[in-house]
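Inspection log for the structure reproduced underneath, given as structure tokens.
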Amino acid sequence: MNTRKLAELLIEAEESRLPVSCLTDSFPDLDVTMGYHVQDELINIRTHEGHERIAFKMGITSLAKMKQMNISEPIYGTVFDYMQLPNKGEMAIEELIHPKVEAEIAFILAEDIEGPGITGKEVLEKTAGILPAFEIIDSRYKDFKFKLFDVIADNTSASRVVFGDTVFDTGQFDMEKGRVSLFINGELQAKGTSDAVLGNPANSVAMLANMLYAHGKGKIPKGSIILTGGITEAIRLTKGDHVISAFDGIGEISFFVR
Ligand code: OOG
Ligand code: MG
């Protein structure tokens, strides 16, 4: 199996908007380690093209997402510069395959965080602030269906991201009881509380630090932004959707699907 070829296949699917069959259909024995090897290749290719990482992301960190995707463990990926959309801006649906939206809390680090053994408490001590965020995920696999290895290789379906305009202090949002609601065209589509993400979204950042350490990838550098994972299940987007998410105490973010 050639990890480079698999990474190229996934990039081609992203660019052509033609979804591919799961890699595990051809290689049923693939595991998490190989998944990250393919993802690393994909990141190398994007980096050589001149793209930069603007954030790390954690995924499958809430029960709602685990149930929706039938995967039971958190995973991480990279958000690139070309994925960012402005708050209150537009997302061009023809650039994507079958996008879904998630409401998430993003952390900005004030200090480097390096595993092993990082806790959520240490993360909160080393956090400069938080941002309300949307992640738009878009699996490069047919029917948005995949196994754990597939989705890791596919950079955890990373596709677009919207950050709020204002950085808030960690104390301005209740990390365990803060409510988050997702509305599309004025209708409530999903809601949850922050503890849905591993008990506290800070635990998701801690887990990222510990996973990066375990995979020999070093620290999360100071200044990094980390998306901690969807609080609710992801909601499918269609043309014309006006998407708003309201976060207790830290306001609203929105975008329009054109
Ligand atoms: C994988 C990515 C999940 C999240 O926030 O849970 C994710 C997927 O569901 O396609 O980004
Ligand atoms: Mg996500």
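Identifiers in this document derive from the order of the structure tokens: chains are assigned A, B, ..., residues are numbered from 1 separately in each chain, and ligands are numbered from 1 in order of occurrence.
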Exercise. Counting only C-alpha atoms, what is within 8 Å of A:Gly178, bar same-chain residues fewer than 4 positions away, as a PyMOL selection string?
Worked result: chain A and resi 173-174+193-195+247-248
For this session: Check which residues fall inside 8 Å of ligand 1 when counting only C-alpha atoms and all ligand atoms, and print them as a PyMOL selection string.
Result: chain A and resi 57-62+65-66+68-69+74-75+102+104+135-139+144+151+156-158+227-231+233-234
Could you write out that same residue set with C-alpha atoms as a short mmCIF file (atom, residue, chain, number, x, y, z; two decimals), in the first residue's frame?
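And here's result-v2.cif as it stands now:
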data_model
loop_
_atom_site.label_atom_id
_atom_site.label_comp_id
_atom_site.auth_asym_id
_atom_site.auth_seq_id
_atom_site.Cartn_x
_atom_site.Cartn_y
_atom_site.Cartn_z
CA LYS A 57 -9.09 20.05 14.97
CA MET A 58 -10.40 17.29 17.15
CA GLY A 59 -13.36 15.24 15.92
CA ILE A 60 -15.76 12.62 17.25
CA THR A 61 -15.41 14.04 20.77
CA SER A 62 -19.11 14.00 21.69
CA LYS A 65 -21.05 12.58 16.92
CA MET A 66 -19.97 9.08 17.97
CA GLN A 68 -24.03 9.71 14.22
CA MET A 69 -20.81 8.40 12.65
CA PRO A 74 -11.69 10.93 19.06
CA ILE A 75 -9.47 11.77 16.09
CA GLU A 102 -21.10 21.59 13.37
CA GLU A 104 -17.80 24.02 18.17
CA GLU A 135 -16.78 23.58 11.32
CA ILE A 136 -18.10 22.53 7.92
CA ILE A 137 -17.15 18.93 7.35
CA ASP A 138 -17.26 17.27 3.92
CA SER A 139 -16.26 13.66 3.66
CA PHE A 144 -20.51 10.37 3.92
CA VAL A 151 -11.83 9.30 8.13
CA THR A 156 -11.12 14.00 9.47
CA SER A 157 -13.42 15.48 6.80
CA ALA A 158 -11.98 18.99 7.40
CA LEU A 227 -11.33 23.19 17.30
CA THR A 228 -12.54 20.87 20.03
CA GLY A 229 -15.24 18.95 18.08
CA GLY A 230 -18.94 19.17 17.35
CA ILE A 231 -21.12 19.54 20.43
CA GLU A 233 -24.61 15.93 15.58
CA ALA A 234 -23.66 17.55 12.26
#
Exercise. Near A:Glu41, within 10 Å and counting only C-alpha atoms, which residues show up once chain neighbours fewer than 3 positions away are dropped, as a list in words?
Worked result: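 Non-adjacent residues within range: Thr3, Arg4, Lys5, Leu6, Ala7, Glu8, Tyr36, His37, Val38, Asn44, Ile45, Arg46, Thr47 and Ala153 of chain A.
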For this session: Give the answer as one residue: which of A:Ser159, A:Asn210, A:Thr119, A:Thr166 has the shortest atom-to-atom distance to ligand 2, using only C-alpha atoms and all ligand atoms?
Result: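 Smallest distance to ligand 2 is found for A:Ser159.
Here the residues within stretch 56-191 of chain A that DSSP labels alpha helix (DSSP H) on the basis of the backbone are Leu63, Ala64, Lys65, Met66, Lys67, Gln68, Met69, Gly120, Lys121, Glu122, Val123, Leu124, Glu125, Leu148, Phe149, Asp150, Val151, Ile152 and Ala153 of chain A.
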Given the selection you just returned, output its residues as a file containing all heavy atoms, formatted as a tab-separated table (two decimals), in the first residue's frame.
chain	number	residue	atom	x	y	z
A	63	LEU	N	-20.74	12.33	22.30
A	63	LEU	CA	-21.56	11.14	22.10
A	63	LEU	C	-22.45	11.30	20.87
A	63	LEU	O	-22.65	10.34	20.12
A	63	LEU	CB	-22.43	10.93	23.36
A	63	LEU	CG	-22.99	9.54	23.56
A	63	LEU	CD1	-21.87	8.51	23.65
A	63	LEU	CD2	-23.85	9.52	24.83
A	64	ALA	N	-22.97	12.54	20.67
A	64	ALA	CA	-23.84	12.78	19.51
A	64	ALA	C	-23.11	12.44	18.22
A	64	ALA	O	-23.65	11.80	17.32
A	64	ALA	CB	-24.30	14.24	19.50
A	65	LYS	N	-21.84	12.86	18.12
A	65	LYS	CA	-21.05	12.58	16.92
A	65	LYS	C	-20.68	11.10	16.85
A	65	LYS	O	-20.68	10.50	15.77
A	65	LYS	CB	-19.78	13.44	16.92
A	65	LYS	CG	-19.99	14.89	16.52
A	65	LYS	CD	-20.33	15.07	15.04
A	65	LYS	CE	-19.34	14.39	14.13
A	65	LYS	NZ	-19.62	14.64	12.71
A	66	MET	N	-20.33	10.50	17.99
A	66	MET	CA	-19.97	9.08	17.97
A	66	MET	C	-21.13	8.25	17.44
A	66	MET	O	-20.96	7.36	16.62
A	66	MET	CB	-19.58	8.62	19.38
A	66	MET	CG	-18.25	9.20	19.83
A	66	MET	SD	-17.77	8.66	21.48
A	66	MET	CE	-16.34	9.73	21.76
A	67	LYS	N	-22.33	8.59	17.92
A	67	LYS	CA	-23.53	7.85	17.47
A	67	LYS	C	-23.80	8.10	16.00
A	67	LYS	O	-24.09	7.18	15.26
A	67	LYS	CB	-24.75	8.32	18.28
A	67	LYS	CG	-24.87	7.67	19.62
A	67	LYS	CD	-26.29	7.91	20.15
A	67	LYS	CE	-26.42	7.45	21.59
A	67	LYS	NZ	-27.33	8.33	22.33
A	68	GLN	N	-23.70	9.37	15.60
A	68	GLN	CA	-24.03	9.71	14.22
A	68	GLN	C	-23.10	9.01	13.23
A	68	GLN	O	-23.53	8.54	12.18
A	68	GLN	CB	-23.95	11.24	14.01
A	68	GLN	CG	-24.37	11.67	12.60
A	68	GLN	CD	-24.30	13.19	12.41
A	68	GLN	OE1	-23.47	13.87	13.00
A	68	GLN	NE2	-25.20	13.71	11.59
A	69	MET	N	-21.79	8.94	13.58
A	69	MET	CA	-20.81	8.40	12.65
A	69	MET	C	-20.45	6.94	12.94
A	69	MET	O	-19.68	6.34	12.20
A	69	MET	CB	-19.53	9.25	12.64
A	69	MET	CG	-19.73	10.73	12.35
A	69	MET	SD	-20.98	11.14	11.12
A	69	MET	CE	-20.27	10.46	9.61
A	120	GLY	N	-7.18	18.73	31.28
A	120	GLY	CA	-8.00	19.87	30.89
A	120	GLY	C	-7.70	21.09	31.76
A	120	GLY	O	-7.73	22.23	31.28
A	121	LYS	N	-7.41	20.85	33.02
A	121	LYS	CA	-7.11	21.95	33.95
A	121	LYS	C	-5.86	22.72	33.47
A	121	LYS	O	-5.84	23.94	33.43
A	121	LYS	CB	-6.90	21.36	35.35
A	121	LYS	CG	-6.78	22.38	36.45
A	121	LYS	CD	-6.85	21.69	37.82
A	121	LYS	CE	-6.49	22.66	38.92
A	121	LYS	NZ	-5.04	22.95	39.01
A	122	GLU	N	-4.83	21.95	33.09
A	122	GLU	CA	-3.60	22.60	32.59
A	122	GLU	C	-3.88	23.37	31.30
A	122	GLU	O	-3.32	24.45	31.08
A	122	GLU	CB	-2.53	21.55	32.28
A	122	GLU	CG	-1.83	21.01	33.50
A	122	GLU	CD	-0.93	19.84	33.10
A	122	GLU	OE1	0.20	20.08	32.63
A	122	GLU	OE2	-1.38	18.68	33.25
A	123	VAL	N	-4.74	22.80	30.47
A	123	VAL	CA	-5.09	23.49	29.22
A	123	VAL	C	-5.72	24.84	29.53
A	123	VAL	O	-5.34	25.87	28.96
A	123	VAL	CB	-6.04	22.62	28.36
A	123	VAL	CG1	-6.64	23.42	27.21
A	123	VAL	CG2	-5.30	21.39	27.82
A	124	LEU	N	-6.67	24.85	30.48
A	124	LEU	CA	-7.35	26.11	30.81
A	124	LEU	C	-6.36	27.13	31.35
A	124	LEU	O	-6.47	28.32	31.05
A	124	LEU	CB	-8.49	25.85	31.80
A	124	LEU	CG	-9.70	25.17	31.16
A	124	LEU	CD1	-10.68	24.67	32.20
A	124	LEU	CD2	-10.41	26.10	30.17
A	125	GLU	N	-5.37	26.68	32.10
A	125	GLU	CA	-4.35	27.60	32.62
A	125	GLU	C	-3.49	28.19	31.50
A	125	GLU	O	-2.93	29.28	31.65
A	125	GLU	CB	-3.44	26.88	33.62
A	125	GLU	CG	-4.12	26.61	34.96
A	125	GLU	CD	-3.42	25.53	35.79
A	125	GLU	OE1	-2.30	25.09	35.40
A	125	GLU	OE2	-4.00	25.11	36.81
A	148	LEU	N	-13.14	4.16	10.84
A	148	LEU	CA	-12.16	4.99	11.56
A	148	LEU	C	-10.93	5.30	10.71
A	148	LEU	O	-10.52	6.46	10.58
A	148	LEU	CB	-11.77	4.28	12.86
A	148	LEU	CG	-10.74	4.97	13.74
A	148	LEU	CD1	-11.26	6.32	14.22
A	148	LEU	CD2	-10.41	4.09	14.95
A	149	PHE	N	-10.31	4.28	10.10
A	149	PHE	CA	-9.11	4.51	9.30
A	149	PHE	C	-9.38	5.50	8.16
A	149	PHE	O	-8.58	6.40	7.89
A	149	PHE	CB	-8.57	3.20	8.72
A	149	PHE	CG	-7.62	3.42	7.59
A	149	PHE	CD1	-6.32	3.81	7.84
A	149	PHE	CD2	-8.03	3.31	6.27
A	149	PHE	CE1	-5.44	4.07	6.80
A	149	PHE	CE2	-7.16	3.57	5.23
A	149	PHE	CZ	-5.86	3.95	5.50
A	150	ASP	N	-10.53	5.29	7.50
A	150	ASP	CA	-10.84	6.12	6.33
A	150	ASP	C	-10.90	7.60	6.70
A	150	ASP	O	-10.35	8.44	6.00
A	150	ASP	CB	-12.21	5.72	5.75
A	150	ASP	CG	-12.26	4.28	5.31
A	150	ASP	OD1	-11.48	3.92	4.42
A	150	ASP	OD2	-13.07	3.51	5.87
A	151	VAL	N	-11.60	7.89	7.79
A	151	VAL	CA	-11.83	9.30	8.13
A	151	VAL	C	-10.56	9.96	8.65
A	151	VAL	O	-10.31	11.14	8.42
A	151	VAL	CB	-13.05	9.46	9.08
A	151	VAL	CG1	-12.79	8.83	10.43
A	151	VAL	CG2	-13.43	10.93	9.23
A	152	ILE	N	-9.69	9.20	9.29
A	152	ILE	CA	-8.40	9.76	9.72
A	152	ILE	C	-7.58	10.11	8.47
A	152	ILE	O	-7.03	11.21	8.35
A	152	ILE	CB	-7.64	8.77	10.63
A	152	ILE	CG1	-8.37	8.58	11.95
A	152	ILE	CG2	-6.21	9.27	10.88
A	152	ILE	CD1	-7.83	7.44	12.82
A	153	ALA	N	-7.53	9.18	7.53
A	153	ALA	CA	-6.77	9.42	6.29
A	153	ALA	C	-7.31	10.66	5.57
A	153	ALA	O	-6.54	11.46	5.02
A	153	ALA	CB	-6.87	8.20	5.38
Problem set entry | Nearby residues (only C-alpha atoms) at most 9 Å from A:His242, same-chain spacing under 6 positions excluded, as a ChimeraX atom specification | /A:183-186,254-257
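Interatomic distance, atom CA of A:Ala103 to atom CA of A:Cys22: 26.2 Å.
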Exercise. DSSP on the backbone: what in stretch 40-179 of chain A comes out strand (DSSP E or B), as a ChimeraX atom specification?
Worked result: /A:53-59,62,75-80,84-85,89-91,100-109,113,127-137,141,158-163,168,179
Exercise. Using only C-alpha atoms, which residues sit within 9 Å of A:Ile220 once same-chain residues fewer than 2 positions away are excluded, as a list in words?
Worked result: Phe56, Leu109, Glu111, Asp112, Ile113, Glu114, Gly115, Leu208, Ala209, Leu212, Lys217, Gly218, Lys222, Gly223 and Ser224 of chain A
Any chance you could export the current selection's all heavy atoms as an mmCIF file, in the first residue's frame?
data_model
loop_
_atom_site.group_PDB
_atom_site.id
_atom_site.type_symbol
_atom_site.label_atom_id
_atom_site.label_comp_id
_atom_site.auth_asym_id
_atom_site.auth_seq_id
_atom_site.Cartn_x
_atom_site.Cartn_y
_atom_site.Cartn_z
ATOM 1 N N PHE A 56 -5.647 23.286 14.491
ATOM 2 C CA PHE A 56 -5.795 21.839 14.660
ATOM 3 C C PHE A 56 -7.275 21.594 14.908
ATOM 4 O O PHE A 56 -7.985 22.476 15.392
ATOM 5 C CB PHE A 56 -5.043 21.361 15.911
ATOM 6 C CG PHE A 56 -3.563 21.432 15.818
ATOM 7 C CD1 PHE A 56 -2.872 22.575 16.211
ATOM 8 C CD2 PHE A 56 -2.829 20.338 15.368
ATOM 9 C CE1 PHE A 56 -1.484 22.638 16.151
ATOM 10 C CE2 PHE A 56 -1.437 20.391 15.315
ATOM 11 C CZ PHE A 56 -0.769 21.541 15.706
ATOM 12 N N LEU A 109 -4.187 29.037 22.311
ATOM 13 C CA LEU A 109 -3.230 28.788 23.393
ATOM 14 C C LEU A 109 -2.338 29.990 23.679
ATOM 15 O O LEU A 109 -1.833 30.639 22.762
ATOM 16 C CB LEU A 109 -2.340 27.590 23.053
ATOM 17 C CG LEU A 109 -3.037 26.245 22.893
ATOM 18 C CD1 LEU A 109 -2.002 25.134 22.744
ATOM 19 C CD2 LEU A 109 -3.979 25.949 24.057
ATOM 20 N N GLU A 111 0.294 29.431 25.730
ATOM 21 C CA GLU A 111 1.600 28.784 25.929
ATOM 22 C C GLU A 111 1.623 27.473 25.147
ATOM 23 O O GLU A 111 0.571 26.919 24.829
ATOM 24 C CB GLU A 111 1.803 28.445 27.416
ATOM 25 C CG GLU A 111 1.991 29.658 28.302
ATOM 26 C CD GLU A 111 2.067 29.259 29.778
ATOM 27 O OE1 GLU A 111 2.815 28.319 30.107
ATOM 28 O OE2 GLU A 111 1.348 29.876 30.566
ATOM 29 N N ASP A 112 2.837 26.963 24.898
ATOM 30 C CA ASP A 112 2.968 25.632 24.296
ATOM 31 C C ASP A 112 2.326 24.609 25.235
ATOM 32 O O ASP A 112 2.410 24.764 26.455
ATOM 33 C CB ASP A 112 4.447 25.223 24.199
ATOM 34 C CG ASP A 112 5.246 26.091 23.240
ATOM 35 O OD1 ASP A 112 4.651 26.901 22.510
ATOM 36 O OD2 ASP A 112 6.488 25.940 23.244
ATOM 37 N N ILE A 113 1.761 23.578 24.652
ATOM 38 C CA ILE A 113 1.273 22.463 25.479
ATOM 39 C C ILE A 113 1.855 21.184 24.904
ATOM 40 O O ILE A 113 1.690 20.889 23.722
ATOM 41 C CB ILE A 113 -0.270 22.396 25.495
ATOM 42 C CG1 ILE A 113 -0.841 23.668 26.128
ATOM 43 C CG2 ILE A 113 -0.728 21.167 26.277
ATOM 44 C CD1 ILE A 113 -2.337 23.635 26.323
ATOM 45 N N GLU A 114 2.539 20.453 25.757
ATOM 46 C CA GLU A 114 3.188 19.227 25.281
ATOM 47 C C GLU A 114 2.849 18.052 26.175
ATOM 48 O O GLU A 114 2.985 18.131 27.400
ATOM 49 C CB GLU A 114 4.716 19.430 25.254
ATOM 50 C CG GLU A 114 5.435 18.212 24.699
ATOM 51 C CD GLU A 114 6.862 18.505 24.252
ATOM 52 O OE1 GLU A 114 7.432 19.526 24.693
ATOM 53 O OE2 GLU A 114 7.386 17.704 23.461
ATOM 54 N N GLY A 115 2.345 16.947 25.561
ATOM 55 C CA GLY A 115 2.064 15.724 26.304
ATOM 56 C C GLY A 115 3.358 15.113 26.782
ATOM 57 O O GLY A 115 4.429 15.665 26.517
ATOM 58 N N LEU A 208 -5.673 16.107 22.478
ATOM 59 C CA LEU A 208 -4.871 16.381 21.277
ATOM 60 C C LEU A 208 -3.387 16.413 21.632
ATOM 61 O O LEU A 208 -2.562 15.783 20.950
ATOM 62 C CB LEU A 208 -5.292 17.706 20.635
ATOM 63 C CG LEU A 208 -4.404 18.162 19.465
ATOM 64 C CD1 LEU A 208 -4.515 17.200 18.275
ATOM 65 C CD2 LEU A 208 -4.757 19.582 19.015
ATOM 66 N N ALA A 209 -3.043 17.135 22.699
ATOM 67 C CA ALA A 209 -1.626 17.220 23.109
ATOM 68 C C ALA A 209 -1.076 15.828 23.401
ATOM 69 O O ALA A 209 0.042 15.488 22.975
ATOM 70 C CB ALA A 209 -1.496 18.121 24.330
ATOM 71 N N LEU A 212 -0.746 13.825 20.054
ATOM 72 C CA LEU A 212 0.397 14.283 19.242
ATOM 73 C C LEU A 212 1.697 13.764 19.846
ATOM 74 O O LEU A 212 2.596 13.314 19.131
ATOM 75 C CB LEU A 212 0.432 15.817 19.156
ATOM 76 C CG LEU A 212 -0.680 16.482 18.327
ATOM 77 C CD1 LEU A 212 -0.536 18.002 18.386
ATOM 78 C CD2 LEU A 212 -0.683 16.005 16.875
ATOM 79 N N LYS A 217 4.759 13.674 17.425
ATOM 80 C CA LYS A 217 4.619 14.915 16.663
ATOM 81 C C LYS A 217 4.847 16.164 17.503
ATOM 82 O O LYS A 217 4.533 17.273 17.064
ATOM 83 C CB LYS A 217 3.233 14.963 16.013
ATOM 84 C CG LYS A 217 3.040 13.885 14.947
ATOM 85 C CD LYS A 217 1.646 13.906 14.358
ATOM 86 C CE LYS A 217 1.482 12.789 13.325
ATOM 87 N NZ LYS A 217 0.087 12.652 12.898
ATOM 88 N N GLY A 218 5.355 15.980 18.708
ATOM 89 C CA GLY A 218 5.752 17.147 19.508
ATOM 90 C C GLY A 218 4.581 17.862 20.150
ATOM 91 O O GLY A 218 3.543 17.272 20.445
ATOM 92 N N LYS A 222 2.278 27.489 21.201
ATOM 93 C CA LYS A 222 1.643 28.731 21.655
ATOM 94 C C LYS A 222 1.030 29.465 20.465
ATOM 95 O O LYS A 222 1.631 29.526 19.393
ATOM 96 C CB LYS A 222 2.771 29.560 22.286
ATOM 97 C CG LYS A 222 2.510 30.991 22.532
ATOM 98 C CD LYS A 222 3.788 31.654 23.040
ATOM 99 C CE LYS A 222 3.536 33.146 23.165
ATOM 100 N NZ LYS A 222 4.649 33.859 23.769
ATOM 101 N N GLY A 223 -0.163 30.010 20.660
ATOM 102 C CA GLY A 223 -0.819 30.734 19.567
ATOM 103 C C GLY A 223 -1.713 29.857 18.704
ATOM 104 O O GLY A 223 -2.507 30.369 17.921
ATOM 105 N N SER A 224 -1.571 28.528 18.839
ATOM 106 C CA SER A 224 -2.389 27.631 18.008
ATOM 107 C C SER A 224 -3.862 27.763 18.350
ATOM 108 O O SER A 224 -4.235 27.990 19.507
ATOM 109 C CB SER A 224 -1.997 26.169 18.239
ATOM 110 O OG SER A 224 -0.698 25.911 17.806
#
Exercise. What is the atom CA of A:Val197 to atom CA of A:Phe163 distance in Å?
Worked result: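 These two atoms are separated by 18.1 Å.
Atom CA of A:Asn2 to atom CA of A:Ile97 spans 25.1 Å [interatomic distance, one decimal].
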